[in-house]
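Structure file final.txt; described as compact mmCIF, C-alpha atoms.
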# COMPACT_ATOMS: atom_id res chain seq x y z
CA MET A 1361 -12.56 133.02 265.84
CA LEU A 1362 -9.22 133.29 264.03
CA PRO A 1363 -8.40 136.92 264.96
CA ALA A 1364 -9.14 136.22 268.63
CA PHE A 1365 -7.11 133.00 268.51
CA LEU A 1366 -4.04 134.51 266.83
CA ILE A 1367 -3.94 137.65 268.91
CA MET A 1368 -4.44 135.81 272.18
CA LEU A 1369 -1.78 133.32 271.05
CA ARG A 1370 0.60 136.19 270.42
CA GLU A 1371 -0.30 138.10 273.58
CA GLY A 1372 -0.16 134.97 275.71
CA LEU A 1373 3.14 133.88 274.18
CA GLU A 1374 4.70 137.27 274.86
CA ALA A 1375 3.75 137.00 278.53
CA ALA A 1376 4.76 133.31 278.69
CA LEU A 1377 8.13 134.08 277.14
CA ILE A 1378 8.98 136.72 279.73
CA VAL A 1379 7.73 134.61 282.64
CA GLY A 1380 9.57 131.61 281.20
CA ILE A 1381 12.79 133.60 280.91
CA ILE A 1382 12.45 134.70 284.54
CA ALA A 1383 11.69 131.18 285.80
CA GLY A 1384 14.36 129.55 283.63
CA TYR A 1385 17.05 132.00 284.68
CA LEU A 1386 16.21 131.54 288.37
CA ALA A 1387 16.38 127.75 287.93
CA ARG A 1388 19.68 127.85 286.02
CA THR A 1389 21.31 130.05 288.63
CA GLY A 1390 20.17 127.93 291.57
CA ARG A 1391 17.61 130.41 292.86
CA GLN A 1392 14.46 128.29 292.52
CA ALA A 1393 13.32 129.44 295.95
CA TRP A 1394 12.20 132.70 294.32
CA LEU A 1395 9.84 130.95 291.85
CA PRO A 1396 6.70 131.24 294.06
CA THR A 1397 7.27 134.99 294.07
CA VAL A 1398 7.07 135.00 290.28
CA TRP A 1399 3.76 133.11 290.28
CA ILE A 1400 2.29 135.57 292.79
CA GLY A 1401 2.94 138.36 290.30
CA VAL A 1402 1.38 136.33 287.48
CA LEU A 1403 -1.80 135.59 289.47
CA LEU A 1404 -2.18 139.21 290.53
CA ALA A 1405 -1.87 140.34 286.90
CA VAL A 1406 -4.48 137.82 285.71
CA ALA A 1407 -6.85 138.94 288.49
CA LEU A 1408 -6.37 142.60 287.53
CA SER A 1409 -7.08 141.90 283.85
CA LEU A 1410 -10.28 139.98 284.65
CA PHE A 1411 -11.44 142.72 287.02
CA VAL A 1412 -10.84 145.48 284.46
CA GLY A 1413 -12.63 143.53 281.74
CA ALA A 1414 -15.65 142.86 283.96
CA ALA A 1415 -15.76 146.48 285.12
CA VAL A 1416 -15.65 147.89 281.58
CA LEU A 1417 -18.41 145.51 280.46
CA ALA A 1418 -20.57 146.40 283.46
CA VAL A 1419 -20.18 150.14 282.86
CA GLY A 1420 -20.83 149.92 279.13
CA SER A 1421 -24.00 147.86 279.52
CA GLN A 1422 -25.65 150.69 281.47
CA PHE A 1423 -25.43 153.22 278.64
CA PRO A 1424 -28.35 154.15 276.34
CA GLN A 1425 -28.02 153.20 272.65
CA LYS A 1426 -26.24 156.35 271.44
CA LEU A 1427 -23.76 156.25 274.29
CA GLN A 1428 -23.19 152.54 273.72
CA GLU A 1429 -22.14 153.30 270.14
CA LEU A 1430 -19.75 155.95 271.46
CA PHE A 1431 -18.48 153.49 274.05
CA GLU A 1432 -17.84 150.92 271.32
CA ALA A 1433 -15.97 153.54 269.29
CA ILE A 1434 -13.75 154.42 272.27
CA ILE A 1435 -13.00 150.76 273.01
CA GLY A 1436 -12.28 150.15 269.33
CA ALA A 1437 -9.93 153.14 269.11
CA LEU A 1438 -8.04 151.98 272.20
CA ALA A 1439 -7.79 148.49 270.71
CA VAL A 1440 -6.34 149.88 267.46
CA ILE A 1441 -3.73 151.95 269.32
CA ILE A 1442 -2.81 149.05 271.60
CA LEU A 1443 -2.58 146.48 268.79
CA ILE A 1444 -0.34 148.64 266.59
CA SER A 1445 1.90 149.74 269.46
CA MET A 1446 2.16 146.10 270.56
CA VAL A 1447 3.50 144.85 267.23
CA PHE A 1448 6.04 147.67 267.01
CA TRP A 1449 7.20 147.18 270.61
CA MET A 1450 7.72 143.45 270.17
CA ARG A 1451 9.46 143.94 266.82
CA LYS A 1452 12.06 145.99 268.65
CA ALA A 1453 12.15 144.09 271.95
CA ALA A 1454 12.43 140.55 270.52
CA ARG A 1455 16.04 141.23 269.58
CA SER A 1456 17.35 141.47 273.14
CA ILE A 1457 14.47 140.61 275.46
CA LYS A 1458 16.22 137.64 277.08
CA LYS A 1459 19.38 139.53 278.05
CA THR A 1460 17.34 142.50 279.27
CA VAL A 1461 15.13 140.37 281.53
CA GLU A 1462 18.07 138.41 282.95
CA HIS A 1463 19.90 141.66 283.71
CA ASP A 1464 16.80 143.01 285.48
CA ILE A 1465 16.61 139.83 287.59
CA ASP A 1466 20.23 140.21 288.70
CA VAL A 1467 19.59 143.83 289.63
CA ALA A 1468 16.43 142.89 291.55
CA LEU A 1469 18.08 140.11 293.54
CA ALA A 1470 21.07 142.29 294.31
CA ASP A 1471 18.78 144.81 296.00
CA ALA A 1472 18.91 143.96 299.71
CA HIS A 1473 15.84 146.11 300.44
CA GLY A 1474 13.19 144.36 298.35
CA PRO A 1475 14.03 141.55 295.92
CA THR A 1476 10.66 139.93 296.62
CA TRP A 1477 8.67 142.96 295.50
CA ALA A 1478 10.99 143.51 292.54
CA LEU A 1479 10.40 139.97 291.23
CA ILE A 1480 6.65 140.22 291.86
CA GLY A 1481 6.68 143.49 289.94
CA MET A 1482 8.58 142.02 286.98
CA SER A 1483 6.20 139.12 286.47
CA PHE A 1484 3.15 141.25 287.32
CA PHE A 1485 3.89 143.98 284.78
CA ALA A 1486 4.89 141.47 282.08
CA VAL A 1487 1.57 139.64 282.34
CA ALA A 1488 -0.58 142.68 283.21
CA ARG A 1489 0.57 144.57 280.12
CA GLU A 1490 -0.45 141.70 277.84
CA GLY A 1491 -3.60 141.03 279.85
CA LEU A 1492 -4.88 144.60 279.72
CA GLU A 1493 -4.04 144.85 276.02
CA SER A 1494 -6.04 141.66 275.49
CA VAL A 1495 -9.01 143.02 277.45
CA PHE A 1496 -9.49 146.01 275.14
CA PHE A 1497 -8.90 143.96 272.01
CA LEU A 1498 -11.36 141.27 273.06
CA LEU A 1499 -14.01 143.83 274.00
CA ALA A 1500 -13.67 145.38 270.54
CA ILE A 1501 -13.71 142.07 268.69
CA PHE A 1502 -16.66 140.72 270.71
CA GLN A 1503 -18.63 143.82 269.76
CA GLN A 1504 -17.86 143.22 266.08
CA SER A 1505 -18.39 139.43 266.20
CA PRO A 1506 -21.17 138.47 268.62
CA GLY A 1507 -21.59 134.80 269.41
CA PRO A 1508 -19.43 132.07 270.95
CA ALA A 1509 -16.81 131.83 268.17
CA ALA A 1510 -14.63 134.74 269.33
CA PRO A 1511 -14.54 133.72 273.04
CA ILE A 1512 -13.73 130.14 272.05
CA GLY A 1513 -10.95 131.36 269.76
CA ALA A 1514 -9.53 133.51 272.55
CA LEU A 1515 -9.51 130.59 275.01
CA LEU A 1516 -7.86 128.32 272.44
CA GLY A 1517 -5.23 130.98 271.77
CA ILE A 1518 -4.43 131.30 275.47
CA ALA A 1519 -4.23 127.51 275.84
CA ALA A 1520 -1.88 127.24 272.85
CA ALA A 1521 0.30 130.05 274.24
CA VAL A 1522 0.59 128.29 277.60
CA VAL A 1523 1.59 125.02 275.92
CA LEU A 1524 4.14 126.72 273.67
CA GLY A 1525 5.50 128.80 276.53
CA TYR A 1526 5.95 125.73 278.70
CA GLY A 1527 7.60 123.88 275.81
CA ILE A 1528 10.03 126.74 275.28
CA TYR A 1529 10.75 126.89 279.03
CA ARG A 1530 11.48 123.15 279.15
CA GLY A 1531 13.61 123.38 276.03
CA GLY A 1532 11.53 120.99 273.92
CA VAL A 1533 10.22 123.67 271.54
CA ARG A 1534 12.39 125.98 269.48
CA LEU A 1535 10.68 128.91 267.82
CA ASP A 1536 12.04 131.56 265.49
CA LEU A 1537 10.64 134.53 267.40
CA ARG A 1538 11.61 137.09 264.79
CA ARG A 1539 9.66 135.33 262.04
CA PHE A 1540 6.72 134.50 264.33
CA PHE A 1541 6.31 138.11 265.46
CA LEU A 1542 6.81 139.40 261.91
CA TRP A 1543 3.95 137.41 260.35
CA THR A 1544 1.58 137.72 263.28
CA GLY A 1545 2.38 141.43 263.36
CA ILE A 1546 1.34 141.84 259.71
CA PHE A 1547 -1.90 139.98 260.39
CA ILE A 1548 -2.62 142.11 263.46
CA ILE A 1549 -2.08 145.31 261.47
CA PHE A 1550 -4.78 144.17 259.00
CA VAL A 1551 -7.09 143.44 261.95
CA ALA A 1552 -6.34 146.88 263.45
CA ALA A 1553 -7.14 148.61 260.16
CA GLY A 1554 -10.53 146.87 260.06
CA LEU A 1555 -11.21 147.90 263.65
CA ALA A 1556 -10.26 151.50 262.80
CA ALA A 1557 -12.88 151.56 260.02
CA SER A 1558 -15.49 150.17 262.42
CA VAL A 1559 -14.65 152.96 264.90
CA LEU A 1560 -15.69 155.55 262.32
CA ARG A 1561 -18.90 153.59 261.69
CA SER A 1562 -19.70 153.56 265.42
CA LEU A 1563 -19.05 157.31 265.66
CA HIS A 1564 -21.48 157.87 262.80
CA GLU A 1565 -24.12 155.69 264.48
CA ALA A 1566 -23.58 157.69 267.67
CA GLY A 1567 -24.32 160.89 265.72
CA ILE A 1568 -20.84 162.34 266.24
CA TRP A 1569 -19.28 161.86 262.79
CA ASN A 1570 -21.41 162.59 259.71
CA HIS A 1571 -18.78 163.42 257.08
CA LEU A 1572 -17.50 161.37 254.12
CA GLN A 1573 -20.59 159.15 254.14
CA GLN A 1574 -20.73 158.60 250.36
CA PRO A 1575 -20.89 154.84 249.60
CA VAL A 1576 -17.79 153.63 247.77
CA TRP A 1577 -19.18 150.32 246.54
CA ASP A 1578 -22.08 147.99 247.17
CA LEU A 1579 -21.25 144.27 247.28
CA SER A 1580 -24.42 143.26 249.12
CA ARG A 1581 -25.41 141.06 246.16
CA THR A 1582 -21.95 139.80 245.21
CA LEU A 1583 -20.34 139.31 248.62
CA PRO A 1584 -22.79 139.96 251.46
CA VAL A 1585 -21.57 139.88 255.04
CA SER A 1586 -24.10 137.12 255.68
CA SER A 1587 -22.29 134.79 253.25
CA ILE A 1588 -19.61 132.39 254.49
CA LEU A 1589 -16.75 134.31 252.86
CA GLY A 1590 -18.23 137.65 253.91
CA THR A 1591 -18.53 136.46 257.50
CA VAL A 1592 -14.90 135.28 257.48
CA LEU A 1593 -13.61 138.53 255.96
CA SER A 1594 -15.71 140.57 258.39
CA ALA A 1595 -14.37 138.65 261.39
CA LEU A 1596 -10.77 138.78 260.18
CA PHE A 1597 -10.41 142.22 258.65
CA GLY A 1598 -13.57 144.19 259.43
CA TYR A 1599 -15.00 143.76 255.91
CA HIS A 1600 -18.23 145.65 255.18
CA GLU A 1601 -20.36 145.11 252.09
CA THR A 1602 -21.29 148.80 251.69
CA PRO A 1603 -18.45 150.89 253.13
CA VAL A 1604 -18.51 154.66 252.97
CA LEU A 1605 -15.64 156.89 251.87
CA GLY A 1606 -14.50 157.77 255.39
CA GLU A 1607 -14.24 154.12 256.43
CA VAL A 1608 -12.21 153.21 253.33
CA LEU A 1609 -9.86 156.16 253.88
CA VAL A 1610 -9.31 155.31 257.54
CA TRP A 1611 -8.69 151.64 256.68
CA ALA A 1612 -6.21 152.52 253.92
CA ILE A 1613 -4.32 155.10 256.00
CA VAL A 1614 -3.99 152.90 259.09
CA LEU A 1615 -2.99 149.88 257.01
CA GLY A 1616 -0.60 151.70 254.67
CA VAL A 1617 1.23 153.77 257.28
CA SER A 1618 1.52 150.90 259.77
CA LEU A 1619 2.79 148.39 257.20
CA PHE A 1620 5.28 150.91 255.81
CA PHE A 1621 6.94 151.50 259.17
CA PHE A 1622 6.59 147.90 260.34
CA LEU A 1623 8.21 146.41 257.24
CA ARG A 1624 10.87 149.09 256.94
CA PRO A 1625 14.31 147.49 257.50
CA GLN A 1626 15.62 147.93 261.02
CA ARG A 1627 19.00 149.38 261.76
CA PRO A 1628 21.66 146.68 261.91
CA ALA A 1629 22.44 145.52 265.43
CA ALA A 1630 25.44 143.87 266.96
CA GLU A 1631 23.45 140.72 267.76
CA PRO A 1632 22.50 138.13 265.11
CA ALA A 1633 19.29 138.86 263.24
CA ARG A 1634 17.85 135.42 264.00
CA GLN A 1635 16.98 134.58 267.56
CA GLU A 1636 15.51 131.32 268.78
CA VAL A 1637 14.42 130.35 272.25
In structure tokens, what does this structure look like?
Amino acid sequence: MLPAFLIMLREGLEAALIVGIIAGYLARTGRQAWLPTVWIGVLLAVALSLFVGAAVLAVGSQFPQKLQELFEAIIGALAVIILISMVFWMRKAARSIKKTVEHDIDVALADAHGPTWALIGMSFFAVAREGLESVFFLLAIFQQSPGPAAPIGALLGIAAAVVLGYGIYRGGVRLDLRRFFLWTGIFIIFVAAGLAASVLRSLHEAGIWNHLQQPVWDLSRTLPVSSILGTVLSALFGYHETPVLGEVLVWAIVLGVSLFFFLRPQRPAAEPARQEV
């Protein structure tokens, strides 16, 4: 439940922040009449994300067992790429996202040919990007953690993101975005490393990858996946009681390389390092 909750909280908050910036800037500059246009873009993006998720599930359910394992590996690999690229993009964008969005709004409304479509596009792409990222992550996490816990966690994360986003928009909630995205980014990198190891496992079960299959350790007696702690570690970080060498190598490489570049100090910028909204 926790990985789905935190990632949907982060994904939802990213979308809510951008939509909130658009809506807040329109309200502050006396252009509230354009707000319905923003919500049209949001609704279209939500509809697209739901459609893509349903379509991918429908297609995958028709495959035989071997192809289903390959399908799970492909979904898992996409989720890993999306999750890691997401944390790096937001690490860079959080510094100046508000000024960038407000500038784009001014440019859109200054265009006499199509400000309506420009505003719809801004809100649509902001929400659609997060929505489609969430679709592939949730598909991967649902495959790893069957049962109601993950869907419930995802719904709670979305609900919390909506509440926080509205609070930020109304000015009643102040959040240190840099610190929030830093710690959630570290957590997501651990989740992505676990998903990467599970991708190799799915490829082996599909009969595609049969190398580096020597067991590294066996904790089935000490810390089985069926135990409470094992279940938690499996859901959070993709823990496996009897991992093979290839899975451990993939986990270590994805985790080590991603954390190295993510935690590496950024170049100093002209703006203050701490930003609150």
message = Show me, as a VMD selection string, the residues that have an atom within 12 Å of Arg1370 in chain A when counting all atoms listed in the file, minus same-chain residues fewer than 6 positions from it.
response = chain A and resid 1363 to 1364 1376 to 1377 1443 1446 to 1447 1450 1490 to 1491 1493 to 1494 1514 1516 to 1522 1524 to 1525 1537 1540 to 1545 1547 to 1548
query = Which value, in Å to one decimal, gives the distance between CA of Pro1511 in chain A and CA of Leu1369 in chain A?
reply =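 Between CA of Pro1511 in chain A and CA of Leu1369 in chain A the gap is 12.9 Å.
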remark   = note - CA of Gly1420 in chain A and CA of Ile1434 in chain A are separated by 10.8 Å
Range 1446-1522 of chain A near range 1399-1411 of chain A within 7 Å: what's each residue's closest atom pair and its distance in Å to one decimal, counting only C-alpha atoms, ordered by chain then ascending residue number, as JSON lines?
{"residue": "A:Ile1480", "atom": "CA", "partner": "A:Gly1401", "partner_atom": "CA", "distance": 4.4}
{"residue": "A:Gly1481", "atom": "CA", "partner": "A:Gly1401", "partner_atom": "CA", "distance": 6.4}
{"residue": "A:Ser1483", "atom": "CA", "partner": "A:Gly1401", "partner_atom": "CA", "distance": 5.1}
{"residue": "A:Phe1484", "atom": "CA", "partner": "A:Gly1401", "partner_atom": "CA", "distance": 4.2}
{"residue": "A:Val1487", "atom": "CA", "partner": "A:Ala1405", "partner_atom": "CA", "distance": 5.8}
{"residue": "A:Ala1488", "atom": "CA", "partner": "A:Ala1405", "partner_atom": "CA", "distance": 4.6}
{"residue": "A:Gly1491", "atom": "CA", "partner": "A:Ser1409", "partner_atom": "CA", "distance": 5.4}
{"residue": "A:Leu1492", "atom": "CA", "partner": "A:Ser1409", "partner_atom": "CA", "distance": 5.4}
{"residue": "A:Val1495", "atom": "CA", "partner": "A:Ser1409", "partner_atom": "CA", "distance": 6.8}
For the selection just defined, write its residues with C-alpha atoms to a file, as a PDB file, in the frame of the given file.
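Now in again-v4.pdb:
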ATOM      1  CA  ILE A1480       6.650 140.220 291.860  1.00  0.00           C
ATOM      2  CA  GLY A1481       6.680 143.490 289.940  1.00  0.00           C
ATOM      3  CA  SER A1483       6.200 139.120 286.470  1.00  0.00           C
ATOM      4  CA  PHE A1484       3.150 141.250 287.320  1.00  0.00           C
ATOM      5  CA  VAL A1487       1.570 139.640 282.340  1.00  0.00           C
ATOM      6  CA  ALA A1488      -0.580 142.680 283.210  1.00  0.00           C
ATOM      7  CA  GLY A1491      -3.600 141.030 279.850  1.00  0.00           C
ATOM      8  CA  LEU A1492      -4.880 144.600 279.720  1.00  0.00           C
ATOM      9  CA  VAL A1495      -9.010 143.020 277.450  1.00  0.00           C
TER      10      VAL A1495
END
request  = For Leu1469 in chain A, work out the shell of residues within 10 Å, counting all atoms listed in the file and skipping chain neighbours fewer than 4 positions away, then give it as a list of chain:residue names.
outcome  =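 Everything that qualifies: A:Arg1391, A:Trp1394, A:Asp1464, A:Ile1465, A:His1473, A:Gly1474, A:Pro1475, A:Thr1476, A:Ala1478, A:Leu1479.
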